[in-house]
file target_23.pdb (PDB, C-alpha atoms)
ATOM      1  CA  MET A 204     162.202 146.830  76.955
ATOM      2  CA  HIS A 205     160.258 145.701  80.012
ATOM      3  CA  LEU A 206     159.220 142.448  78.336
ATOM      4  CA  THR A 207     162.875 141.613  77.617
ATOM      5  CA  TRP A 208     163.751 142.349  81.260
ATOM      6  CA  ALA A 209     160.775 140.397  82.640
ATOM      7  CA  ILE A 210     161.491 137.256  80.616
ATOM      8  CA  ALA A 211     165.149 137.292  81.677
ATOM      9  CA  SER A 212     164.524 137.927  85.384
ATOM     10  CA  GLY A 213     161.092 136.460  86.164
ATOM     11  CA  GLY A 214     161.700 132.724  86.006
ATOM     12  CA  THR A 215     159.396 130.121  84.483
ATOM     13  CA  LEU A 216     156.510 127.827  85.423
ATOM     14  CA  GLU A 217     157.049 124.642  83.407
ATOM     15  CA  ASP A 218     157.883 126.197  80.027
ATOM     16  CA  ARG A 219     155.949 129.463  80.523
ATOM     17  CA  PRO A 220     157.403 132.792  81.706
ATOM     18  CA  ARG A 221     156.319 133.938  85.177
ATOM     19  CA  TYR A 222     155.813 137.591  86.075
ATOM     20  CA  GLN A 223     157.094 138.100  89.628
ATOM     21  CA  HIS A 224     156.723 141.715  90.670
ATOM     22  CA  GLN A 225     159.491 141.555  93.296
ATOM     23  CA  ARG A 226     162.005 140.535  90.626
ATOM     24  CA  THR A 227     160.553 142.096  87.503
ATOM     25  CA  PHE A 228     158.604 145.277  88.282
ATOM     26  CA  ASN A 229     160.145 146.606  91.502
ATOM     27  CA  PRO A 230     163.791 146.730  90.351
ATOM     28  CA  PHE A 231     162.995 147.709  86.762
ATOM     29  CA  PRO A 232     164.697 151.038  85.868
ATOM     30  CA  PHE A 233     162.070 153.129  84.097
ATOM     31  CA  PRO A 234     163.214 156.003  81.855
ATOM     32  CA  ASP A 235     163.594 159.401  83.489
ATOM     33  CA  LEU A 236     160.684 161.144  81.789
ATOM     34  CA  HIS A 237     161.283 164.417  83.640
ATOM     35  CA  PHE A 238     164.717 164.612  81.992
ATOM     36  CA  ALA A 239     163.347 163.403  78.641
ATOM     37  CA  ASP A 240     160.580 166.043  78.663
ATOM     38  CA  LYS A 241     163.070 168.781  79.529
ATOM     39  CA  PHE A 242     165.344 168.069  76.581
ATOM     40  CA  GLY A 243     163.002 166.368  74.094
ATOM     41  CA  GLY A 244     159.957 168.608  73.960
ATOM     42  CA  PRO A 245     158.013 169.825  70.905
ATOM     43  CA  ILE A 246     159.143 172.545  68.502
ATOM     44  CA  THR A 247     157.111 175.721  68.008
ATOM     45  CA  TYR A 248     157.359 177.651  64.725
ATOM     46  CA  ALA A 249     155.553 180.261  62.659
ATOM     47  CA  LEU A 250     155.436 180.580  58.875
ATOM     48  CA  GLU A 251     156.203 183.993  57.402
ATOM     49  CA  ASP A 252     153.635 185.785  55.305
ATOM     50  CA  GLU A 253     154.357 187.736  52.109
ATOM     51  CA  SER A 254     155.657 190.681  54.120
ATOM     52  CA  GLY A 255     158.097 188.513  56.051
ATOM     53  CA  ARG A 256     156.184 188.675  59.323
ATOM     54  CA  PRO A 257     155.523 185.506  61.350
ATOM     55  CA  GLY A 258     151.964 184.267  61.236
ATOM     56  CA  GLU A 259     150.140 181.986  63.642
ATOM     57  CA  TYR A 260     152.415 179.831  65.779
ATOM     58  CA  SER A 261     152.143 176.066  65.416
ATOM     59  CA  THR A 262     153.688 173.223  67.375
ATOM     60  CA  ILE A 263     155.215 170.005  66.048
ATOM     61  CA  GLY A 264     155.816 166.982  68.241
ATOM     62  CA  GLU A 265     154.934 165.992  71.772
ATOM     63  CA  TYR A 266     156.669 165.704  75.097
ATOM     64  CA  PRO A 267     158.052 162.138  75.435
ATOM     65  CA  SER A 268     155.832 161.437  78.448
ATOM     66  CA  ASP A 269     152.734 162.665  76.578
ATOM     67  CA  ARG A 270     153.589 160.630  73.478
ATOM     68  CA  ILE A 271     154.034 157.423  75.497
ATOM     69  CA  ARG A 272     150.789 158.075  77.383
ATOM     70  CA  ASN A 273     148.832 158.881  74.212
ATOM     71  CA  LEU A 274     150.109 155.837  72.317
ATOM     72  CA  ALA A 275     149.302 153.562  75.264
ATOM     73  CA  GLU A 276     145.770 154.975  75.476
ATOM     74  CA  GLN A 277     145.276 154.506  71.730
ATOM     75  CA  LEU A 278     146.556 150.926  71.989
ATOM     76  CA  ASP A 279     144.165 150.107  74.833
ATOM     77  CA  ALA A 280     141.218 151.793  73.076
ATOM     78  CA  HIS A 281     141.933 149.983  69.802
ATOM     79  CA  ARG A 282     141.951 146.526  71.392
ATOM     80  CA  LYS A 283     138.781 147.202  73.405
ATOM     81  CA  ARG A 284     136.962 148.645  70.391
ATOM     82  CA  GLN A 285     137.756 145.683  68.140
ATOM     83  CA  GLN A 286     136.867 143.136  70.829
ATOM     84  CA  ALA A 287     133.565 144.918  71.489
ATOM     85  CA  ALA A 288     132.769 144.817  67.762
ATOM     86  CA  HIS A 289     133.753 141.140  67.489
ATOM     87  CA  PRO A 290     132.890 139.244  70.728
ATOM     88  CA  GLY A 291     134.795 136.124  69.643
ATOM     89  CA  LEU A 292     138.036 138.051  69.155
ATOM     90  CA  THR A 293     140.695 137.377  71.824
ATOM     91  CA  LEU A 294     143.931 139.152  72.712
ATOM     92  CA  THR A 295     145.768 135.837  72.389
ATOM     93  CA  GLY A 296     144.500 135.437  68.842
ATOM     94  CA  MET A 297     145.387 139.013  67.904
ATOM     95  CA  TYR A 298     148.925 138.782  69.269
ATOM     96  CA  ASN A 299     149.551 135.367  67.702
ATOM     97  CA  VAL A 300     148.694 136.951  64.348
ATOM     98  CA  LEU A 301     150.913 139.932  65.190
ATOM     99  CA  ASP A 302     153.858 137.577  65.810
ATOM    100  CA  LYS A 303     153.267 135.880  62.467
ATOM    101  CA  LEU A 304     153.120 139.254  60.691
ATOM    102  CA  ARG A 305     156.466 140.196  62.170
ATOM    103  CA  SER A 306     158.038 136.867  61.226
ATOM    104  CA  GLY A 307     156.724 137.107  57.670
ATOM    105  CA  GLU A 308     154.801 133.818  57.892
ATOM    106  CA  VAL A 309     151.751 133.210  55.700
ATOM    107  CA  LEU A 310     148.464 133.572  57.590
ATOM    108  CA  THR A 311     145.865 130.810  57.564
ATOM    109  CA  ALA A 312     142.241 131.538  56.655
ATOM    110  CA  LYS A 313     141.322 131.760  60.360
ATOM    111  CA  GLU A 314     144.262 134.069  61.044
ATOM    112  CA  ARG A 315     143.319 136.304  58.118
ATOM    113  CA  SER A 316     139.868 136.652  59.686
ATOM    114  CA  ILE A 317     141.423 137.609  63.030
ATOM    115  CA  HIS A 318     143.697 140.059  61.205
ATOM    116  CA  GLU A 319     140.693 141.736  59.595
ATOM    117  CA  GLN A 320     138.498 141.790  62.707
ATOM    118  CA  GLY A 321     141.250 143.002  65.019
ATOM    119  CA  LEU A 322     142.873 145.394  62.537
ATOM    120  CA  VAL A 323     146.113 143.760  63.609
ATOM    121  CA  SER A 324     148.162 145.909  61.214
ATOM    122  CA  VAL A 325     147.043 148.960  63.215
ATOM    123  CA  LEU A 326     147.865 147.120  66.454
ATOM    124  CA  ARG A 327     151.321 146.402  65.066
ATOM    125  CA  GLN A 328     151.923 150.033  64.124
ATOM    126  CA  LEU A 329     150.858 151.291  67.560
ATOM    127  CA  HIS A 330     153.245 148.851  69.256
ATOM    128  CA  ASP A 331     156.079 149.806  66.902
ATOM    129  CA  GLU A 332     155.567 153.510  67.591
ATOM    130  CA  LEU A 333     155.284 152.898  71.340
ATOM    131  CA  ASP A 334     158.551 150.920  71.341
ATOM    132  CA  GLU A 335     160.235 153.738  69.430
ATOM    133  CA  ALA A 336     158.919 156.387  71.846
ATOM    134  CA  VAL A 337     160.184 154.436  74.874
ATOM    135  CA  LEU A 338     163.599 153.852  73.275
ATOM    136  CA  TYR A 339     164.023 157.583  72.726
ATOM    137  CA  ALA A 340     162.812 158.306  76.269
ATOM    138  CA  TYR A 341     165.734 156.187  77.496
ATOM    139  CA  GLY A 342     168.079 157.940  75.057
ATOM    140  CA  TRP A 343     168.684 154.658  73.219
ATOM    141  CA  GLY A 344     167.530 155.646  69.756
ATOM    142  CA  ASP A 345     170.643 153.985  68.310
ATOM    143  CA  LEU A 346     168.940 150.614  68.890
ATOM    144  CA  LEU A 347     165.937 151.466  66.708
ATOM    145  CA  PRO A 348     167.394 150.059  63.422
ATOM    146  CA  LEU A 349     168.090 146.763  65.191
ATOM    147  CA  LEU A 350     164.558 146.642  66.646
ATOM    148  CA  ARG A 351     162.983 147.416  63.275
ATOM    149  CA  VAL A 352     164.746 144.386  61.771
ATOM    150  CA  ALA A 353     163.786 142.221  64.778
ATOM    151  CA  HIS A 354     160.132 143.233  64.291
ATOM    152  CA  GLY A 355     160.183 142.570  60.554
ATOM    153  CA  ILE A 356     159.725 146.238  59.596
ATOM    154  CA  GLU A 357     163.060 146.485  57.771
ATOM    155  CA  PRO A 358     164.972 143.750  55.903
ATOM    156  CA  PRO A 359     168.121 142.371  57.598
ATOM    157  CA  ASP A 360     170.466 143.861  54.978
ATOM    158  CA  SER A 361     169.341 147.363  56.018
ATOM    159  CA  LEU A 362     171.695 147.086  59.007
ATOM    160  CA  GLN A 363     174.693 146.494  56.774
ATOM    161  CA  ARG A 364     173.695 149.375  54.501
ATOM    162  CA  LEU A 365     173.439 151.633  57.536
ATOM    163  CA  ALA A 366     176.892 150.589  58.758
ATOM    164  CA  ASP A 367     178.391 151.042  55.286
ATOM    165  CA  ALA A 368     176.881 154.529  55.043
ATOM    166  CA  ASP A 369     178.763 155.663  58.156
ATOM    167  CA  ARG A 370     182.312 154.356  58.213
ATOM    168  CA  ASP A 371     183.089 156.495  61.280
ATOM    169  CA  LEU A 372     180.799 154.486  63.577
ATOM    170  CA  PRO A 373     182.534 153.259  66.754
ATOM    171  CA  GLU A 374     183.285 149.533  66.733
ATOM    172  CA  HIS A 375     180.683 148.708  69.392
ATOM    173  CA  GLU A 376     177.966 150.397  67.300
ATOM    174  CA  ARG A 377     179.130 148.627  64.127
ATOM    175  CA  ARG A 378     178.672 145.322  65.946
ATOM    176  CA  LEU A 379     175.092 146.329  66.743
ATOM    177  CA  HIS A 380     174.415 146.894  63.058
ATOM    178  CA  GLY A 381     175.484 143.339  62.264
ATOM    179  CA  GLY A 382     176.631 142.128  58.859
ATOM    180  CA  PRO A 383     175.286 140.810  55.564
ATOM    181  CA  ALA A 384     174.267 137.483  57.157
ATOM    182  CA  THR A 385     172.216 139.077  59.949
ATOM    183  CA  THR A 386     168.779 137.465  60.255
ATOM    184  CA  ARG A 387     165.660 138.655  62.052
ATOM    185  CA  GLU A 388     166.366 136.161  64.865
ATOM    186  CA  GLU A 389     169.972 137.361  65.203
ATOM    187  CA  ALA A 390     168.807 140.980  65.286
ATOM    188  CA  LYS A 391     166.284 140.176  68.032
ATOM    189  CA  ARG A 392     168.939 138.345  70.064
ATOM    190  CA  ALA A 393     171.390 141.232  69.666
ATOM    191  CA  PHE A 394     168.704 143.758  70.637
ATOM    192  CA  ASP A 395     167.660 141.778  73.738
ATOM    193  CA  GLU A 396     171.263 141.311  74.882
ATOM    194  CA  THR A 397     172.107 144.991  74.439
ATOM    195  CA  VAL A 398     168.920 146.173  76.172
ATOM    196  CA  LEU A 399     169.569 143.847  79.116
ATOM    197  CA  GLU A 400     173.140 145.107  79.467
ATOM    198  CA  ARG A 401     171.947 148.713  79.517
ATOM    199  CA  LEU A 402     169.047 148.047  81.886
ATOM    200  CA  VAL A 403     171.319 146.216  84.345
ATOM    201  CA  ALA A 404     173.792 149.112  84.218
ATOM    202  CA  LEU A 405     170.970 151.620  84.712
ATOM    203  CA  ASN A 406     169.604 149.547  87.606
ATOM    204  CA  ALA A 407     173.029 149.685  89.305
ATOM    205  CA  GLU A 408     173.197 153.436  88.698
ATOM    206  CA  ARG A 409     169.762 153.966  90.247
ATOM    207  CA  ALA A 410     170.663 151.754  93.247
ATOM    208  CA  ALA A 411     173.763 153.867  93.876
ATOM    209  CA  GLU A 412     171.645 157.041  93.647
ATOM    210  CA  GLU A 413     169.113 155.701  96.155
ATOM    211  CA  ALA A 414     171.920 154.758  98.530
ATOM    212  CA  ARG A 415     172.881 158.455  98.468
ATOM    213  CA  GLY A 416     169.267 159.456  99.168
ATOM    214  CA  HIS A 417     168.183 160.438  95.657
ATOM    215  CA  VAL A 418     164.994 158.617  94.569
ATOM    216  CA  ARG A 419     163.491 159.066  91.098
ATOM    217  CA  TRP A 420     159.819 158.659  91.992
ATOM    218  CA  LEU A 421     157.809 157.118  89.173
ATOM    219  CA  ARG A 422     154.490 158.405  90.577
ATOM    220  CA  PRO A 423     155.230 160.925  93.369
ATOM    221  CA  GLU A 424     151.540 161.543  94.121
ATOM    222  CA  PHE A 425     151.132 157.818  94.859
ATOM    223  CA  GLN A 426     154.539 156.747  96.155
ATOM    224  CA  ASN A 427     155.382 159.874  98.145
ATOM    225  CA  PRO A 428     152.400 162.240  98.595
ATOM    226  CA  ASP A 429     154.402 164.687 100.746
ATOM    227  CA  LEU A 430     156.939 165.195  97.946
ATOM    228  CA  ALA A 431     154.145 165.669  95.414
ATOM    229  CA  ARG A 432     152.606 168.460  97.509
ATOM    230  CA  GLU A 433     155.992 170.184  97.777
ATOM    231  CA  ARG A 434     156.348 170.151  93.995
ATOM    232  CA  GLU A 435     152.878 171.470  93.166
ATOM    233  CA  PRO A 436     153.948 175.162  92.850
ATOM    234  CA  GLU A 437     156.908 174.152  90.646
ATOM    235  CA  GLN A 438     154.715 171.969  88.471
ATOM    236  CA  ALA A 439     152.198 174.786  88.064
ATOM    237  CA  ARG A 440     154.954 177.131  86.833
ATOM    238  CA  PHE A 441     156.188 174.448  84.468
ATOM    239  CA  ALA A 442     152.690 173.933  83.041
ATOM    240  CA  ASP A 443     152.013 177.669  82.640
ATOM    241  CA  GLY A 444     155.463 178.683  81.477
ATOM    242  CA  GLU A 445     157.541 176.065  79.744
ATOM    243  CA  ARG A 446     154.764 174.152  78.038
ATOM    244  CA  GLY A 447     152.470 177.118  77.438
ATOM    245  CA  ASP A 448     149.192 176.987  75.576
ATOM    246  CA  ASP A 449     148.978 175.967  71.971
ATOM    247  CA  THR A 450     146.876 178.755  70.524
ATOM    248  CA  ALA A 451     147.319 177.690  66.914
ATOM    249  CA  ASP A 452     144.098 176.671  65.197
ATOM    250  CA  ALA A 453     144.399 173.144  63.842
ATOM    251  CA  GLY A 454     142.290 174.227  60.902
ATOM    252  CA  GLN A 455     144.283 177.410  60.195
ATOM    253  CA  GLU A 456     144.581 177.826  56.441
ATOM    254  CA  SER A 457     146.476 181.105  56.277
ATOM    255  CA  ALA A 458     149.644 179.277  55.216
ATOM    256  CA  ALA A 459     149.706 177.244  52.038
ATOM    257  CA  ALA A 460     150.772 173.620  52.205
ATOM    258  CA  PRO A 461     154.438 173.413  51.135
ATOM    259  CA  VAL A 462     155.281 171.637  47.896
ATOM    260  CA  VAL A 463     156.920 168.280  48.615
ATOM    261  CA  LYS A 464     158.158 165.436  46.443
ATOM    262  CA  ALA A 465     155.637 162.638  46.033
ATOM    263  CA  GLN A 466     156.585 159.301  47.622
ATOM    264  CA  PRO A 467     155.836 155.795  46.277
ATOM    265  CA  TRP A 468     152.592 154.314  47.661
ATOM    266  CA  PRO A 469     153.380 151.209  49.785
ATOM    267  CA  LYS A 470     151.858 147.829  48.973
ATOM    268  CA  ASP A 471     151.487 146.581  52.563
ATOM    269  CA  THR A 472     148.467 147.795  54.567
ATOM    270  CA  VAL A 473     150.421 148.690  57.699
ATOM    271  CA  ASP A 474     152.913 150.649  55.593
ATOM    272  CA  GLN A 475     150.016 152.485  53.930
ATOM    273  CA  VAL A 476     148.624 153.538  57.313
ATOM    274  CA  ARG A 477     152.080 154.663  58.374
ATOM    275  CA  ALA A 478     152.602 156.553  55.104
ATOM    276  CA  VAL A 479     149.366 158.542  55.531
ATOM    277  CA  ALA A 480     150.216 159.291  59.184
ATOM    278  CA  ASP A 481     153.724 160.433  58.175
ATOM    279  CA  VAL A 482     152.371 162.712  55.437
ATOM    280  CA  LEU A 483     150.003 164.433  57.873
ATOM    281  CA  ALA A 484     152.648 164.647  60.613
ATOM    282  CA  ALA A 485     155.089 166.314  58.217
ATOM    283  CA  SER A 486     152.600 168.909  56.991
ATOM    284  CA  PRO A 487     152.414 172.217  58.914
ATOM    285  CA  VAL A 488     148.810 172.709  57.724
ATOM    286  CA  PRO A 489     145.806 170.359  57.427
ATOM    287  CA  LEU A 490     145.417 168.528  54.117
ATOM    288  CA  SER A 491     142.434 167.402  52.061
ATOM    289  CA  LEU A 492     142.186 163.858  50.706
ATOM    290  CA  ASP A 493     143.320 165.096  47.295
ATOM    291  CA  GLU A 494     146.322 166.847  48.825
ATOM    292  CA  ILE A 495     147.259 163.685  50.719
ATOM    293  CA  ALA A 496     146.936 161.650  47.518
ATOM    294  CA  ALA A 497     149.133 164.152  45.658
ATOM    295  CA  ARG A 498     151.993 163.287  48.016
ATOM    296  CA  CYS A 499     152.001 159.647  46.912
ATOM    297  CA  THR A 500     152.451 158.022  43.504
ATOM    298  CA  ALA A 501     151.240 154.627  42.283
ATOM    299  CA  ARG A 502     149.258 153.020  39.506
ATOM    300  CA  GLY A 503     145.858 151.448  39.951
ATOM    301  CA  PRO A 504     142.826 152.321  42.104
ATOM    302  CA  TRP A 505     144.857 152.837  45.298
ATOM    303  CA  LYS A 506     143.216 156.210  46.014
ATOM    304  CA  LYS A 507     139.926 154.425  46.756
ATOM    305  CA  ARG A 508     141.504 153.059  49.958
ATOM    306  CA  LEU A 509     142.664 156.481  51.140
ATOM    307  CA  PRO A 510     139.381 157.648  52.783
ATOM    308  CA  LYS A 511     139.171 154.411  54.798
ATOM    309  CA  LEU A 512     142.787 154.718  55.958
ATOM    310  CA  VAL A 513     142.260 158.332  57.036
ATOM    311  CA  GLU A 514     138.986 157.374  58.746
ATOM    312  CA  MET A 515     140.894 154.665  60.633
ATOM    313  CA  LEU A 516     143.482 157.189  61.846
ATOM    314  CA  VAL A 517     140.706 159.576  62.934
ATOM    315  CA  ALA A 518     139.028 156.766  64.892
ATOM    316  CA  LEU A 519     142.335 155.993  66.593
ATOM    317  CA  GLY A 520     142.735 159.625  67.649
ATOM    318  CA  ARG A 521     145.875 160.011  65.529
ATOM    319  CA  VAL A 522     144.289 162.491  63.112
ATOM    320  CA  GLN A 523     141.706 165.221  63.540
ATOM    321  CA  GLU A 524     139.246 166.453  60.889
ATOM    322  CA  LYS A 525     138.082 169.997  60.396
ATOM    323  CA  ARG A 526     136.262 171.346  57.364
ATOM    324  CA  GLU A 527     137.034 168.239  55.300
ATOM    325  CA  LYS A 528     140.739 168.610  55.966
ATOM    326  CA  PHE A 529     142.904 166.415  58.139
ATOM    327  CA  GLY A 530     145.843 167.112  60.409
ATOM    328  CA  ALA A 531     147.972 165.098  62.828
ATOM    329  CA  ARG A 532     147.147 165.458  66.506
TER     330      ARG A 532
END

call {"tool": "encode", "arguments": {"input": "target_23.pdb", "output": "structure tokens"}}
result
Amino acid sequence: MHLTWAIASGGTLEDRPRYQHQRTFNPFPFPDLHFADKFGGPITYALEDESGRPGEYSTIGEYPSDRIRNLAEQLDAHRKRQQAAHPGLTLTGMYNVLDKLRSGEVLTAKERSIHEQGLVSVLRQLHDELDEAVLYAYGWGDLLPLLRVAHGIEPPDSLQRLADADRDLPEHERRLHGGPATTREEAKRAFDETVLERLVALNAERAAEEARGHVRWLRPEFQNPDLAREREPEQARFADGERGDDTADAGQESAAAPVVKAQPWPKDTVDQVRAVADVLAASPVPLSLDEIAARCTARGPWKKRLPKLVEMLVALGRVQEKREKFGAR
């Protein structure tokens, strides 16, 4: 969202975009994470035992602000780790390969090497999940199908199928979903135009608020230390009360893993990583490698790749291991 705003408002130097903080960063309307955390927090549940009594409480999901922070930290750590392991690897090279992956272009031999060294499929997934988390923090989850087509995650005809599945969509939303002839480029243009319209409207709304004396501080402790000190007691109550402590043991095995229908094993590497992450995120209890494999179906020696994929997710901090079982963080 910020990249779309920055390219539209920052000007150019010759044919290259310029980042001018007075025009790009300062007026940019960030999402209201305080509001998002209040209404989009995690869900706590407990499975019943044989007697019908609730067992240990577990928590699914994260606060939007925590999810954005965690994904950004994982993204930064991933790039630094791969560059440290491969000194010749550059961010420019990695992101050029990422663009080609999203466009569906065939990689050259050099680009395939960069893809392998930089684990660019993992980089792509982290960016996709970060974009999704920010969209939902703004309350603009309706734009996610359009973004997934623009990023090459879904085929263009998925938009038409989505529109056909819900005939009661308002006309403005049906236009967002496009038609049978929608291409990746058209989806990206439609996404950028819609995001810009909403950001400009949000910018005007924030300007009107500030004219009335209401400022949504992005970092109160830095921008307005006096306000931060005033809020410390309130923040302490929020931390102790609303969020609470997650006392559930990640390795708790008192509840059996629920029986679920096995899903087809994807062919693409990035989809395989996402499939394993989704399986673990959907399970209320940690799973062994065999239990993860049982949730996917395919022919061939695909299970040999499973330990490496899980190891990759553990290294990224997305999955935690305990007693040879794995669970989503």

call {"tool": "closest_residue", "arguments": {"input": "target_23.pdb", "among": "A:Trp420, A:Phe228, A:Phe529, A:Tyr222", "to": "Leu492 in chain A", "atoms": "all atoms listed in the file"}}
result
A:Phe529

call {"tool": "atom_distance", "arguments": {"input": "target_23.pdb", "atom1": "CA of Lys511 in chain A", "atom2": "CA of Lys313 in chain A"}}
result
23.4 Å

call {"tool": "resolve_selection", "arguments": {"input": "target_23.pdb", "expression": "the PyMOL selection byres ((chain A and resi 333) around 9)", "output": "MDAnalysis selection string"}}
result
chainID A and resid 270:271 274:275 278 328:332 334:338

call {"tool": "residues_around", "arguments": {"input": "target_23.pdb", "residues": "range 292-304 of chain A", "least_positions_apart": "3", "cutoff": "7 Å", "atoms": "all atoms listed in the file", "output": "NGL selection string"}}
result
:A and (286 or 289 or 307-308 or 314 or 317-318 or 321 or 323 or 327)

call {"tool": "atom_distance", "arguments": {"input": "target_23.pdb", "atom1": "CA of Gly520 in chain A", "atom2": "CA of Leu347 in chain A"}}
result
24.6 Å

call {"tool": "resolve_selection", "arguments": {"input": "target_23.pdb", "expression": "the PyMOL selection byres ((chain A and resi 237) around 12)", "output": "CSV table (one decimal) with C-alpha atoms, in the frame of the given file"}}
result
chain,number,residue,atom,x,y,z
A,233,PHE,CA,162.1,153.1,84.1
A,234,PRO,CA,163.2,156.0,81.9
A,235,ASP,CA,163.6,159.4,83.5
A,236,LEU,CA,160.7,161.1,81.8
A,238,PHE,CA,164.7,164.6,82.0
A,239,ALA,CA,163.3,163.4,78.6
A,240,ASP,CA,160.6,166.0,78.7
A,241,LYS,CA,163.1,168.8,79.5
A,242,PHE,CA,165.3,168.1,76.6
A,243,GLY,CA,163.0,166.4,74.1
A,244,GLY,CA,160.0,168.6,74.0
A,266,TYR,CA,156.7,165.7,75.1
A,267,PRO,CA,158.1,162.1,75.4
A,268,SER,CA,155.8,161.4,78.4
A,269,ASP,CA,152.7,162.7,76.6
A,340,ALA,CA,162.8,158.3,76.3
A,341,TYR,CA,165.7,156.2,77.5
A,419,ARG,CA,163.5,159.1,91.1
A,420,TRP,CA,159.8,158.7,92.0
A,421,LEU,CA,157.8,157.1,89.2
A,422,ARG,CA,154.5,158.4,90.6
A,423,PRO,CA,155.2,160.9,93.4
A,438,GLN,CA,154.7,172.0,88.5
A,441,PHE,CA,156.2,174.4,84.5

call {"tool": "resolve_selection", "arguments": {"input": "target_23.pdb", "expression": "the PyMOL selection byres ((chain A and resi 398) around 10)", "output": "PDB file with C-alpha atoms, in the frame of the given file"}}
result
ATOM      1  CA  MET A 204     162.202 146.830  76.955  1.00  0.00           C
ATOM      2  CA  HIS A 205     160.258 145.701  80.012  1.00  0.00           C
ATOM      3  CA  THR A 207     162.875 141.613  77.617  1.00  0.00           C
ATOM      4  CA  TRP A 208     163.751 142.349  81.260  1.00  0.00           C
ATOM      5  CA  LEU A 338     163.599 153.852  73.275  1.00  0.00           C
ATOM      6  CA  TRP A 343     168.684 154.658  73.219  1.00  0.00           C
ATOM      7  CA  LEU A 346     168.940 150.614  68.890  1.00  0.00           C
ATOM      8  CA  ARG A 392     168.939 138.345  70.064  1.00  0.00           C
ATOM      9  CA  ALA A 393     171.390 141.232  69.666  1.00  0.00           C
ATOM     10  CA  PHE A 394     168.704 143.758  70.637  1.00  0.00           C
ATOM     11  CA  ASP A 395     167.660 141.778  73.738  1.00  0.00           C
ATOM     12  CA  GLU A 396     171.263 141.311  74.882  1.00  0.00           C
ATOM     13  CA  THR A 397     172.107 144.991  74.439  1.00  0.00           C
ATOM     14  CA  LEU A 399     169.569 143.847  79.116  1.00  0.00           C
ATOM     15  CA  GLU A 400     173.140 145.107  79.467  1.00  0.00           C
ATOM     16  CA  ARG A 401     171.947 148.713  79.517  1.00  0.00           C
ATOM     17  CA  LEU A 402     169.047 148.047  81.886  1.00  0.00           C
ATOM     18  CA  VAL A 403     171.319 146.216  84.345  1.00  0.00           C
ATOM     19  CA  ALA A 404     173.792 149.112  84.218  1.00  0.00           C
TER      20      ALA A 404
END

call {"tool": "closest_residue", "arguments": {"input": "target_23.pdb", "among": "A:Ile263, A:Ala353, A:Ala414, A:Val473", "to": "Gly530 in chain A", "atoms": "all atoms listed in the file"}}
result
A:Ile263

call {"tool": "atom_distance", "arguments": {"input": "target_23.pdb", "atom1": "CA of Leu516 in chain A", "atom2": "CA of Val488 in chain A"}}
result
16.9 Å

call {"tool": "closest_residue", "arguments": {"input": "target_23.pdb", "among": "A:Gln523, A:Asn427, A:Ser486, A:Thr227", "to": "Thr262 in chain A", "atoms": "only C-alpha atoms"}}
result
A:Ser486

call {"tool": "axis_aligned_box", "arguments": {"input": "target_23.pdb", "around": "range 331-337 of chain A", "padding_each_side": "5 Å", "output": "JSON"}}
result
{"center_x": 157.8, "center_y": 153.1, "center_z": 70.9, "size_x": 15.0, "size_y": 16.6, "size_z": 18.0}

call {"tool": "closest_residue", "arguments": {"input": "target_23.pdb", "among": "A:Lys391, A:His281, A:Lys470, A:Lys525", "to": "Thr500 in chain A", "atoms": "all atoms listed in the file"}}
result
A:Lys470

call {"tool": "closest_residue", "arguments": {"input": "target_23.pdb", "among": "A:Val309, A:Arg409, A:Gln466, A:Ala211", "to": "Pro232 in chain A", "atoms": "all atoms listed in the file"}}
result
A:Arg409

call {"tool": "residues_around", "arguments": {"input": "target_23.pdb", "residues": "Val352 in chain A", "least_positions_apart": "3", "cutoff": "12 Å", "atoms": "all atoms listed in the file", "output": "count of residues only"}}
result
30

call {"tool": "closest_residue", "arguments": {"input": "target_23.pdb", "among": "A:Trp468, A:Leu206, A:Lys528, A:Val482", "to": "Pro504 in chain A", "atoms": "all atoms listed in the file"}}
result
A:Trp468
